[in-house]
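Visitor: Got a file for you: structure-v6.pdb, PDB, C-alpha atoms and all ligand atoms.
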```pdb
ATOM      1  CA  MET Q1067      28.632 -20.846   5.378  1.00  0.00           C
ATOM      2  CA  ASN Q1068      26.670 -24.090   5.185  1.00  0.00           C
ATOM      3  CA  LEU Q1069      24.394 -25.192   8.036  1.00  0.00           C
ATOM      4  CA  LYS Q1070      26.608 -28.081   9.175  1.00  0.00           C
ATOM      5  CA  THR Q1071      29.636 -25.793   9.553  1.00  0.00           C
ATOM      6  CA  LYS Q1072      27.467 -23.276  11.383  1.00  0.00           C
ATOM      7  CA  PHE Q1073      26.403 -25.900  13.934  1.00  0.00           C
ATOM      8  CA  ASP Q1074      29.973 -27.247  14.222  1.00  0.00           C
ATOM      9  CA  LEU Q1075      31.157 -23.751  15.137  1.00  0.00           C
ATOM     10  CA  LEU Q1076      28.255 -23.180  17.553  1.00  0.00           C
ATOM     11  CA  ALA Q1077      28.668 -26.544  19.317  1.00  0.00           C
ATOM     12  CA  ASP Q1078      30.154 -25.292  22.591  1.00  0.00           C
ATOM     13  CA  LYS Q1079      27.698 -22.398  22.928  1.00  0.00           C
ATOM     14  CA  LEU Q1080      24.490 -23.941  21.596  1.00  0.00           C
ATOM     15  CA  GLU Q1081      22.971 -25.241  24.831  1.00  0.00           C
ATOM     16  CA  LYS Q1082      23.467 -22.006  26.755  1.00  0.00           C
ATOM     17  CA  ALA Q1083      22.102 -19.948  23.854  1.00  0.00           C
ATOM     18  CA  THR Q1084      19.096 -22.274  23.469  1.00  0.00           C
ATOM     19  CA  LEU Q1085      18.198 -22.250  27.160  1.00  0.00           C
ATOM     20  CA  GLY Q1086      18.676 -18.478  27.266  1.00  0.00           C
ATOM     21  CA  SER Q1087      16.039 -17.969  24.577  1.00  0.00           C
ATOM     22  CA  ASN Q1088      13.011 -19.403  26.357  1.00  0.00           C
ATOM     23  CA  TYR Q1089      13.312 -22.845  24.741  1.00  0.00           C
ATOM     24  CA  LYS Q1090      10.692 -25.264  26.059  1.00  0.00           C
ATOM     25  CA  ALA Q1091       9.928 -27.968  23.478  1.00  0.00           C
ATOM     26  CA  HIS Q1092      12.264 -30.323  25.370  1.00  0.00           C
ATOM     27  CA  LYS Q1093       9.998 -30.069  28.426  1.00  0.00           C
ATOM     28  CA  ILE Q1094       6.494 -29.625  26.989  1.00  0.00           C
ATOM     29  CA  ILE Q1095       6.553 -32.478  24.469  1.00  0.00           C
ATOM     30  CA  PRO Q1096       8.432 -35.201  26.442  1.00  0.00           C
ATOM     31  CA  ARG Q1097       6.005 -34.667  29.339  1.00  0.00           C
ATOM     32  CA  GLU Q1098       3.167 -35.673  26.997  1.00  0.00           C
ATOM     33  CA  LEU Q1099       5.177 -38.543  25.512  1.00  0.00           C
ATOM     34  CA  LEU Q1100       5.935 -40.058  28.907  1.00  0.00           C
ATOM     35  CA  LYS Q1101       2.195 -40.690  29.260  1.00  0.00           C
ATOM     36  CA  LEU Q1102       2.225 -42.734  26.033  1.00  0.00           C
ATOM     37  CA  ILE Q1103       5.386 -44.853  25.916  1.00  0.00           C
ATOM     38  CA  ASN Q1104       6.517 -47.931  27.837  1.00  0.00           C
ATOM     39  CA  LYS Q1105       9.594 -47.995  30.045  1.00  0.00           C
ATOM     40  CA  ASP Q1106      11.419 -50.240  27.553  1.00  0.00           C
ATOM     41  CA  ALA Q1107      10.760 -47.938  24.562  1.00  0.00           C
ATOM     42  CA  LEU Q1108      13.656 -47.422  22.148  1.00  0.00           C
ATOM     43  CA  ILE Q1109      13.862 -43.754  21.155  1.00  0.00           C
ATOM     44  CA  LEU Q1110      15.529 -42.025  18.187  1.00  0.00           C
ATOM     45  CA  ASP Q1111      16.406 -38.315  18.491  1.00  0.00           C
ATOM     46  CA  LEU Q1112      16.851 -36.729  15.044  1.00  0.00           C
ATOM     47  CA  GLY Q1113      19.116 -33.655  15.224  1.00  0.00           C
ATOM     48  CA  VAL Q1114      20.138 -34.441  18.795  1.00  0.00           C
ATOM     49  CA  GLY Q1115      22.303 -31.310  19.105  1.00  0.00           C
ATOM     50  CA  THR Q1116      23.488 -30.910  22.700  1.00  0.00           C
ATOM     51  CA  GLY Q1117      20.927 -33.492  23.786  1.00  0.00           C
ATOM     52  CA  LEU Q1118      18.343 -31.171  25.357  1.00  0.00           C
ATOM     53  CA  SER Q1119      15.572 -32.817  23.327  1.00  0.00           C
ATOM     54  CA  SER Q1120      16.197 -36.251  24.846  1.00  0.00           C
ATOM     55  CA  ARG Q1121      17.565 -35.211  28.263  1.00  0.00           C
ATOM     56  CA  LEU Q1122      14.393 -36.143  30.127  1.00  0.00           C
ATOM     57  CA  PHE Q1123      14.397 -39.607  28.527  1.00  0.00           C
ATOM     58  CA  ILE Q1124      18.106 -40.118  29.258  1.00  0.00           C
ATOM     59  CA  ASP Q1125      17.543 -39.034  32.877  1.00  0.00           C
ATOM     60  CA  LYS Q1126      14.739 -41.568  33.149  1.00  0.00           C
ATOM     61  CA  LYS Q1127      17.057 -44.314  31.773  1.00  0.00           C
ATOM     62  CA  PHE Q1128      15.346 -44.857  28.433  1.00  0.00           C
ATOM     63  CA  SER Q1129      17.483 -46.208  25.580  1.00  0.00           C
ATOM     64  CA  VAL Q1130      18.049 -43.339  23.168  1.00  0.00           C
ATOM     65  CA  VAL Q1131      19.884 -43.253  19.828  1.00  0.00           C
ATOM     66  CA  GLY Q1132      20.996 -39.754  18.777  1.00  0.00           C
ATOM     67  CA  MET Q1133      21.623 -38.599  15.212  1.00  0.00           C
ATOM     68  CA  ASP Q1134      23.187 -35.402  13.959  1.00  0.00           C
ATOM     69  CA  PHE Q1135      25.282 -34.253  11.014  1.00  0.00           C
ATOM     70  CA  SER Q1136      27.517 -32.067  13.202  1.00  0.00           C
ATOM     71  CA  LYS Q1137      30.547 -33.992  14.431  1.00  0.00           C
ATOM     72  CA  GLU Q1138      31.287 -31.262  16.977  1.00  0.00           C
ATOM     73  CA  LEU Q1139      27.802 -31.555  18.496  1.00  0.00           C
ATOM     74  CA  LEU Q1140      28.148 -35.341  18.582  1.00  0.00           C
ATOM     75  CA  LYS Q1141      31.364 -34.816  20.610  1.00  0.00           C
ATOM     76  CA  VAL Q1142      29.516 -32.487  23.022  1.00  0.00           C
ATOM     77  CA  VAL Q1143      26.629 -34.911  23.544  1.00  0.00           C
ATOM     78  CA  SER Q1144      28.857 -37.983  23.922  1.00  0.00           C
ATOM     79  CA  LYS Q1145      29.187 -37.262  27.657  1.00  0.00           C
ATOM     80  CA  TYR Q1146      25.595 -38.442  28.143  1.00  0.00           C
ATOM     81  CA  ASN Q1147      24.449 -42.021  28.308  1.00  0.00           C
ATOM     82  CA  TYR Q1148      23.177 -42.586  24.747  1.00  0.00           C
ATOM     83  CA  GLU Q1149      22.668 -46.098  23.426  1.00  0.00           C
ATOM     84  CA  GLN Q1150      24.341 -44.973  20.193  1.00  0.00           C
ATOM     85  CA  LEU Q1151      25.299 -41.721  18.459  1.00  0.00           C
ATOM     86  CA  ILE Q1152      25.224 -41.698  14.660  1.00  0.00           C
ATOM     87  CA  LYS Q1153      26.668 -39.085  12.315  1.00  0.00           C
ATOM     88  CA  GLN Q1154      23.908 -38.700   9.768  1.00  0.00           C
ATOM     89  CA  ASP Q1155      22.524 -36.148   7.329  1.00  0.00           C
ATOM     90  CA  LEU Q1156      18.772 -36.389   7.850  1.00  0.00           C
ATOM     91  CA  ASN Q1157      18.167 -35.595   4.210  1.00  0.00           C
ATOM     92  CA  LYS Q1158      19.653 -38.983   3.294  1.00  0.00           C
ATOM     93  CA  LYS Q1159      18.399 -42.509   4.038  1.00  0.00           C
ATOM     94  CA  LEU Q1160      18.662 -43.084   7.820  1.00  0.00           C
ATOM     95  CA  LYS Q1161      21.371 -45.594   8.739  1.00  0.00           C
ATOM     96  CA  VAL Q1162      19.136 -47.663  11.024  1.00  0.00           C
ATOM     97  CA  LYS Q1163      16.955 -50.740  10.579  1.00  0.00           C
ATOM     98  CA  LYS Q1164      13.292 -50.557   9.601  1.00  0.00           C
ATOM     99  CA  ASN Q1165      10.575 -51.033  12.262  1.00  0.00           C
ATOM    100  CA  ASN Q1166      13.157 -50.443  14.986  1.00  0.00           C
ATOM    101  CA  PHE Q1167      12.009 -47.531  17.193  1.00  0.00           C
ATOM    102  CA  ASP Q1168       9.017 -46.978  19.464  1.00  0.00           C
ATOM    103  CA  LEU Q1169       9.400 -43.214  19.397  1.00  0.00           C
ATOM    104  CA  VAL Q1170      11.161 -40.770  17.048  1.00  0.00           C
ATOM    105  CA  ILE Q1171      11.586 -37.168  18.256  1.00  0.00           C
ATOM    106  CA  SER Q1172      12.923 -34.099  16.486  1.00  0.00           C
ATOM    107  CA  PHE Q1173      12.723 -30.669  18.098  1.00  0.00           C
ATOM    108  CA  GLY Q1174      14.006 -27.463  16.515  1.00  0.00           C
ATOM    109  CA  VAL Q1175      15.294 -29.344  13.472  1.00  0.00           C
ATOM    110  CA  PHE Q1176      12.588 -29.193  10.800  1.00  0.00           C
ATOM    111  CA  ASP Q1177      13.023 -25.403  10.982  1.00  0.00           C
ATOM    112  CA  PHE Q1178      15.831 -26.027   8.494  1.00  0.00           C
ATOM    113  CA  PHE Q1179      13.867 -28.293   6.116  1.00  0.00           C
ATOM    114  CA  GLU Q1180      11.820 -26.732   3.340  1.00  0.00           C
ATOM    115  CA  ASP Q1181      10.232 -30.060   2.385  1.00  0.00           C
ATOM    116  CA  LEU Q1182       9.242 -32.645   5.029  1.00  0.00           C
ATOM    117  CA  ASN Q1183       8.351 -35.523   2.674  1.00  0.00           C
ATOM    118  CA  HIS Q1184      11.674 -37.337   2.929  1.00  0.00           C
ATOM    119  CA  ILE Q1185      11.780 -37.249   6.732  1.00  0.00           C
ATOM    120  CA  PHE Q1186       8.138 -38.299   7.109  1.00  0.00           C
ATOM    121  CA  ASN Q1187       8.772 -41.261   4.848  1.00  0.00           C
ATOM    122  CA  GLU Q1188      12.011 -42.283   6.578  1.00  0.00           C
ATOM    123  CA  VAL Q1189      10.539 -41.980  10.065  1.00  0.00           C
ATOM    124  CA  LYS Q1190       7.667 -44.182   8.970  1.00  0.00           C
ATOM    125  CA  ARG Q1191      10.173 -46.803   7.760  1.00  0.00           C
ATOM    126  CA  VAL Q1192      12.159 -46.904  11.017  1.00  0.00           C
ATOM    127  CA  LEU Q1193       9.187 -46.710  13.432  1.00  0.00           C
ATOM    128  CA  ASN Q1194       7.585 -49.806  14.878  1.00  0.00           C
ATOM    129  CA  ILE Q1195       3.928 -50.456  14.213  1.00  0.00           C
ATOM    130  CA  ASN Q1196       2.039 -48.107  16.565  1.00  0.00           C
ATOM    131  CA  GLY Q1197       5.239 -46.110  17.186  1.00  0.00           C
ATOM    132  CA  TYR Q1198       5.102 -42.362  17.922  1.00  0.00           C
ATOM    133  CA  PHE Q1199       6.650 -39.479  15.984  1.00  0.00           C
ATOM    134  CA  ALA Q1200       6.939 -36.133  17.833  1.00  0.00           C
ATOM    135  CA  PHE Q1201       8.382 -32.978  16.301  1.00  0.00           C
ATOM    136  CA  THR Q1202       8.193 -29.212  16.139  1.00  0.00           C
ATOM    137  CA  VAL Q1203       7.800 -26.860  13.202  1.00  0.00           C
ATOM    138  CA  ILE Q1204       7.830 -23.072  13.083  1.00  0.00           C
ATOM    139  CA  LYS Q1205       4.351 -21.568  12.841  1.00  0.00           C
ATOM    140  CA  SER Q1206       5.525 -17.949  12.644  1.00  0.00           C
ATOM    141  CA  GLN Q1207       8.688 -16.002  13.277  1.00  0.00           C
ATOM    142  CA  LYS Q1208       9.953 -12.436  13.545  1.00  0.00           C
ATOM    143  CA  PRO Q1209      11.578 -11.227  11.380  1.00  0.00           C
ATOM    144  CA  SER Q1210       9.310 -13.170   9.063  1.00  0.00           C
ATOM    145  CA  ASP Q1211      11.750 -13.271   6.145  1.00  0.00           C
ATOM    146  CA  SER Q1212      14.505 -15.352   7.771  1.00  0.00           C
ATOM    147  CA  SER Q1213      16.454 -16.930   4.930  1.00  0.00           C
ATOM    148  CA  GLN Q1214      17.772 -19.769   7.087  1.00  0.00           C
ATOM    149  CA  THR Q1215      14.560 -21.244   8.451  1.00  0.00           C
ATOM    150  CA  TYR Q1216      11.250 -22.441   7.021  1.00  0.00           C
ATOM    151  CA  LYS Q1217       7.725 -22.231   8.402  1.00  0.00           C
ATOM    152  CA  HIS Q1218       5.194 -25.028   8.021  1.00  0.00           C
ATOM    153  CA  THR Q1219       1.425 -24.677   8.261  1.00  0.00           C
ATOM    154  CA  LYS Q1220      -0.968 -26.998  10.087  1.00  0.00           C
ATOM    155  CA  LYS Q1221      -2.622 -27.687   6.746  1.00  0.00           C
ATOM    156  CA  GLU Q1222       0.701 -28.836   5.276  1.00  0.00           C
ATOM    157  CA  VAL Q1223       1.488 -31.086   8.249  1.00  0.00           C
ATOM    158  CA  ARG Q1224      -2.016 -32.577   8.226  1.00  0.00           C
ATOM    159  CA  ALA Q1225      -1.638 -33.380   4.514  1.00  0.00           C
ATOM    160  CA  LEU Q1226       1.657 -35.193   5.268  1.00  0.00           C
ATOM    161  CA  VAL Q1227      -0.016 -37.059   8.148  1.00  0.00           C
ATOM    162  CA  LYS Q1228      -2.599 -38.357   5.689  1.00  0.00           C
ATOM    163  CA  LYS Q1229      -0.134 -39.090   2.874  1.00  0.00           C
ATOM    164  CA  TYR Q1230       2.196 -41.161   5.092  1.00  0.00           C
ATOM    165  CA  ASN Q1231      -0.636 -42.781   7.052  1.00  0.00           C
ATOM    166  CA  TYR Q1232      -0.042 -41.418  10.530  1.00  0.00           C
ATOM    167  CA  LYS Q1233      -2.709 -40.412  13.033  1.00  0.00           C
ATOM    168  CA  ILE Q1234      -2.553 -37.152  15.043  1.00  0.00           C
ATOM    169  CA  VAL Q1235      -2.440 -37.807  18.801  1.00  0.00           C
ATOM    170  CA  ASN Q1236      -1.765 -34.261  19.974  1.00  0.00           C
ATOM    171  CA  GLU Q1237      -1.217 -30.783  18.516  1.00  0.00           C
ATOM    172  CA  LEU Q1238       0.397 -28.079  20.630  1.00  0.00           C
ATOM    173  CA  GLU Q1239       1.274 -24.448  20.065  1.00  0.00           C
ATOM    174  CA  PHE Q1240       3.800 -22.472  22.085  1.00  0.00           C
ATOM    175  CA  LEU Q1241       6.209 -19.560  22.014  1.00  0.00           C
ATOM    176  CA  GLU Q1242       9.632 -21.056  21.576  1.00  0.00           C
ATOM    177  CA  TYR Q1243      12.461 -18.677  20.828  1.00  0.00           C
ATOM    178  CA  GLU Q1244      12.381 -15.208  22.317  1.00  0.00           C
ATOM    179  CA  LYS Q1245      15.644 -13.413  21.674  1.00  0.00           C
ATOM    180  CA  LYS Q1246      16.493  -9.764  21.110  1.00  0.00           C
ATOM    181  CA  ASP Q1247      16.541 -10.110  17.331  1.00  0.00           C
ATOM    182  CA  TYR Q1248      14.397 -13.222  16.749  1.00  0.00           C
ATOM    183  CA  MET Q1249      11.253 -14.865  18.049  1.00  0.00           C
ATOM    184  CA  ALA Q1250       9.291 -17.894  16.905  1.00  0.00           C
ATOM    185  CA  ILE Q1251       6.025 -19.614  17.680  1.00  0.00           C
ATOM    186  CA  TYR Q1252       6.105 -23.380  17.251  1.00  0.00           C
ATOM    187  CA  TYR Q1253       3.641 -26.103  16.565  1.00  0.00           C
ATOM    188  CA  GLY Q1254       4.395 -29.359  18.325  1.00  0.00           C
ATOM    189  CA  PHE Q1255       2.890 -32.530  16.870  1.00  0.00           C
ATOM    190  CA  ILE Q1256       2.638 -36.007  18.313  1.00  0.00           C
ATOM    191  CA  LEU Q1257       1.709 -38.588  15.667  1.00  0.00           C
ATOM    192  CA  LYS Q1258       1.162 -42.316  15.774  1.00  0.00           C
ATOM    193  CA  LYS Q1259       2.090 -44.643  12.933  1.00  0.00           C
ATOM    194  CA  ASN Q1260      -1.049 -46.323  11.620  1.00  0.00           C
ATOM    195  CA  CYS Q1261      -0.807 -50.075  11.371  1.00  0.00           C
ATOM    196  CA  ASN Q1262      -3.131 -50.479   8.367  1.00  0.00           C
TER     197      ASN Q1262
HETATM  198  C1  LIG D1301      18.394 -25.985  16.969  1.00  0.00           C
HETATM  199  S1  LIG D1301      19.330 -27.478  17.127  1.00  0.00           S
HETATM  200  C2  LIG D1301      18.210 -28.472  18.076  1.00  0.00           C
HETATM  201  C3  LIG D1301      18.953 -29.513  18.858  1.00  0.00           C
HETATM  202  C4  LIG D1301      18.108 -30.418  19.757  1.00  0.00           C
HETATM  203  N1  LIG D1301      17.139 -31.175  18.987  1.00  0.00           N
HETATM  204  C5  LIG D1301      17.421 -29.640  20.849  1.00  0.00           C
HETATM  205  O1  LIG D1301      16.190 -29.686  20.921  1.00  0.00           O
HETATM  206  O2  LIG D1301      18.114 -29.003  21.655  1.00  0.00           O
HETATM  207  C6  LIG D1301      19.183 -28.191  15.501  1.00  0.00           C
HETATM  208  C7  LIG D1301      19.998 -29.472  15.327  1.00  0.00           C
HETATM  209  O3  LIG D1301      19.673 -30.083  14.083  1.00  0.00           O
HETATM  210  C8  LIG D1301      20.855 -30.528  13.457  1.00  0.00           C
HETATM  211  N2  LIG D1301      20.590 -30.590  12.012  1.00  0.00           N
HETATM  212  C9  LIG D1301      20.082 -29.607  11.212  1.00  0.00           C
HETATM  213  N3  LIG D1301      19.967 -30.047   9.949  1.00  0.00           N
HETATM  214  C10 LIG D1301      20.396 -31.342   9.944  1.00  0.00           C
HETATM  215  C11 LIG D1301      20.521 -32.331   8.931  1.00  0.00           C
HETATM  216  N4  LIG D1301      20.192 -32.090   7.651  1.00  0.00           N
HETATM  217  N5  LIG D1301      20.994 -33.542   9.270  1.00  0.00           N
HETATM  218  C12 LIG D1301      21.353 -33.814  10.568  1.00  0.00           C
HETATM  219  N6  LIG D1301      21.262 -32.912  11.570  1.00  0.00           N
HETATM  220  C13 LIG D1301      20.784 -31.686  11.259  1.00  0.00           C
HETATM  221  C14 LIG D1301      21.894 -29.499  13.873  1.00  0.00           C
HETATM  222  O4  LIG D1301      23.220 -29.980  13.750  1.00  0.00           O
HETATM  223  C15 LIG D1301      21.496 -29.242  15.320  1.00  0.00           C
HETATM  224  O5  LIG D1301      22.090 -30.160  16.199  1.00  0.00           O
END
```
Go ahead and render the structure in this file as structure tokens.

Guide:
Amino acid sequence: MNLKTKFDLLADKLEKATLGSNYKAHKIIPRELLKLINKDALILDLGVGTGLSSRLFIDKKFSVVGMDFSKELLKVVSKYNYEQLIKQDLNKKLKVKKNNFDLVISFGVFDFFEDLNHIFNEVKRVLNINGYFAFTVIKSQKPSDSSQTYKHTKKEVRALVKKYNYKIVNELEFLEYEKKDYMAIYYGFILKKNCN
């Protein structure tokens, strides 16, 4: 079964399952971001899912655009007050204008990407000068040989930061998923787009 179909089928249960597994990226990282962004910031949530990742921003009346390739998840999240919801495969060119967003977030999504070059490049294109890019990657997981998810090292992320001319603002590390048959430790990164 491909990943999109898997998420389509999970749509109604995803939020409960996520919250039941000690998920905290949606609290830890937005708390840090709120110290950095202005009230009128336009935010893009890549892999919006059920909207947990941008809930705090929606609650605080920020303008948020959500993107996901699962049409069932986009139906679930449509009950919240998003500026726009876009059906989009993140491995393709993003269907938004360049230099458009003040903040791009993506939590629990790069777990499914083996190579982060495309997304780093696209986020750079759509971010405003001095915009922020905040995301999580898996540092380690148990069982370690999961065939559906990919780990990323700090060294790899730092090399991408340099290649695409971002600056690291904050690096976090936290236990994310803690389920009976799976656990993961995440890195959370907050980057800033360099203007030179
Ligand atoms: C674990 S959920 C995380 C959802 C949300 N970001 C959160 O923090 O609750 C992963 C999300 O990424 C989406 N996703 C995974 N791969 C994708 C891709 N290639 N293009 C678009 N969305 C993708 C899934 O549909 C799902 O909504």

Visitor: Using only C-alpha atoms and all ligand atoms, which of the listed residues (Q:Glu1242, Q:Asp1111, Q:Asp1181, Q:Asp1106) sits closest to ligand LIG 1301 (chain D)?

Guide: Q:Asp1111

Visitor: Looking at only C-alpha atoms and all ligand atoms, which of Q:Leu1099, Q:Ile1234, Q:Ile1124, Q:Leu1140 is the one that sits closest to ligand LIG 1301 (chain D)?

Guide: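 Of the candidates, the smallest distance to ligand LIG 1301 (chain D) is held by Q:Leu1140.
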
Visitor: Which protein, DNA or RNA residues have an atom within 7 Å of ligand LIG 1301 (chain D), counting all atoms listed in the file, as JSON, numbers by chain?

Guide: {"Q": [1069, 1070, 1073, 1081, 1091, 1092, 1112, 1113, 1114, 1115, 1116, 1117, 1118, 1119, 1133, 1134, 1135, 1136, 1139, 1154, 1155, 1156, 1157, 1172, 1173, 1174, 1175, 1178]}

Visitor: My list of candidates is Q:Val1223, Q:Ile1152, Q:Val1142, Q:Ala1107. Which is closest to Lys1127 (chain Q) when distances are computed with only C-alpha atoms?

Guide: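 Of Q:Val1223, Q:Ile1152, Q:Val1142, Q:Ala1107, the one nearest Lys1127 (chain Q), counting only C-alpha atoms, is Q:Ala1107.
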
Visitor: Considering only C-alpha atoms, return as a PyMOL selection string whatever protein or nucleic-acid residues lie within 12 Å of Ile1185 (chain Q), sequence-local ones (same chain, fewer than 2 positions apart) excluded.

Guide: chain Q and resi 1112-1113+1155-1160+1170-1172+1175-1176+1179-1183+1187-1193+1199+1201+1226-1227+1230

Visitor: Would you work out the distance separating CA of Asn1104 (chain Q) from CA of Tyr1232 (chain Q), expressed in Å to one decimal?

Guide: 19.6 Å

Visitor: In Å, how far is it from CA of Lys1228 (chain Q) to CA of Cys1261 (chain Q)?

Guide: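 Computed distance, CA of Lys1228 (chain Q) to CA of Cys1261 (chain Q), equals 13.1 Å.
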
Visitor: Once the PyMOL selection byres (((chain Q and resi 1087) around 9) and not hetatm) has been evaluated on this model, what residues remain selected, and can you format them as a PyMOL selection string?

Guide: chain Q and resi 1082-1086+1088-1089+1242-1246+1249

Visitor: Neighbours of His1218 (chain Q) within 7 Å (all atoms listed in the file; same-chain residues fewer than 2 positions away dropped), as a list of chain:residue names?

Guide: Q:Val1203, Q:Ile1204, Q:Lys1205, Q:Tyr1216, Q:Lys1220, Q:Glu1222

Visitor: Quick one: region 1182-1201 of chain Q with N, CA and C atoms, as a short mmCIF file (atom, residue, chain, number, x, y, z; two decimals), keeping the file's coordinate frame?

Guide:
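Output below, filename out12.cif:
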```
data_model
loop_
_atom_site.label_atom_id
_atom_site.label_comp_id
_atom_site.auth_asym_id
_atom_site.auth_seq_id
_atom_site.Cartn_x
_atom_site.Cartn_y
_atom_site.Cartn_z
N LEU Q 1182 9.22 -31.62 3.97
CA LEU Q 1182 9.24 -32.65 5.03
C LEU Q 1182 8.92 -34.05 4.52
N ASN Q 1183 8.74 -34.21 3.22
CA ASN Q 1183 8.35 -35.52 2.67
C ASN Q 1183 9.38 -36.61 2.98
N HIS Q 1184 10.64 -36.31 2.73
CA HIS Q 1184 11.67 -37.34 2.93
C HIS Q 1184 11.69 -37.81 4.39
N ILE Q 1185 11.65 -36.87 5.32
CA ILE Q 1185 11.78 -37.25 6.73
C ILE Q 1185 10.52 -37.99 7.21
N PHE Q 1186 9.36 -37.57 6.73
CA PHE Q 1186 8.14 -38.30 7.11
C PHE Q 1186 8.20 -39.75 6.62
N ASN Q 1187 8.69 -39.93 5.43
CA ASN Q 1187 8.77 -41.26 4.85
C ASN Q 1187 9.80 -42.12 5.59
N GLU Q 1188 10.95 -41.54 5.88
CA GLU Q 1188 12.01 -42.28 6.58
C GLU Q 1188 11.60 -42.64 8.01
N VAL Q 1189 10.97 -41.70 8.69
CA VAL Q 1189 10.54 -41.98 10.06
C VAL Q 1189 9.53 -43.11 10.04
N LYS Q 1190 8.65 -43.10 9.06
CA LYS Q 1190 7.67 -44.18 8.97
C LYS Q 1190 8.36 -45.53 8.80
N ARG Q 1191 9.43 -45.55 8.02
CA ARG Q 1191 10.17 -46.80 7.76
C ARG Q 1191 10.82 -47.33 9.05
N VAL Q 1192 11.38 -46.43 9.86
CA VAL Q 1192 12.16 -46.90 11.02
C VAL Q 1192 11.32 -47.09 12.28
N LEU Q 1193 10.07 -46.57 12.26
CA LEU Q 1193 9.19 -46.71 13.43
C LEU Q 1193 8.56 -48.10 13.48
N ASN Q 1194 8.39 -48.60 14.67
CA ASN Q 1194 7.58 -49.81 14.88
C ASN Q 1194 6.12 -49.52 14.58
N ILE Q 1195 5.38 -50.59 14.31
CA ILE Q 1195 3.93 -50.46 14.21
C ILE Q 1195 3.45 -49.82 15.51
N ASN Q 1196 2.56 -48.84 15.41
CA ASN Q 1196 2.04 -48.11 16.57
C ASN Q 1196 3.08 -47.24 17.28
N GLY Q 1197 4.23 -47.00 16.61
CA GLY Q 1197 5.24 -46.11 17.19
C GLY Q 1197 4.81 -44.65 17.08
N TYR Q 1198 5.45 -43.79 17.89
CA TYR Q 1198 5.10 -42.36 17.92
C TYR Q 1198 6.18 -41.52 17.25
N PHE Q 1199 5.75 -40.42 16.66
CA PHE Q 1199 6.65 -39.48 15.98
C PHE Q 1199 6.28 -38.09 16.52
N ALA Q 1200 7.22 -37.44 17.22
CA ALA Q 1200 6.94 -36.13 17.83
C ALA Q 1200 7.96 -35.12 17.33
N PHE Q 1201 7.47 -33.97 16.90
CA PHE Q 1201 8.38 -32.98 16.30
C PHE Q 1201 7.80 -31.57 16.43
#
```
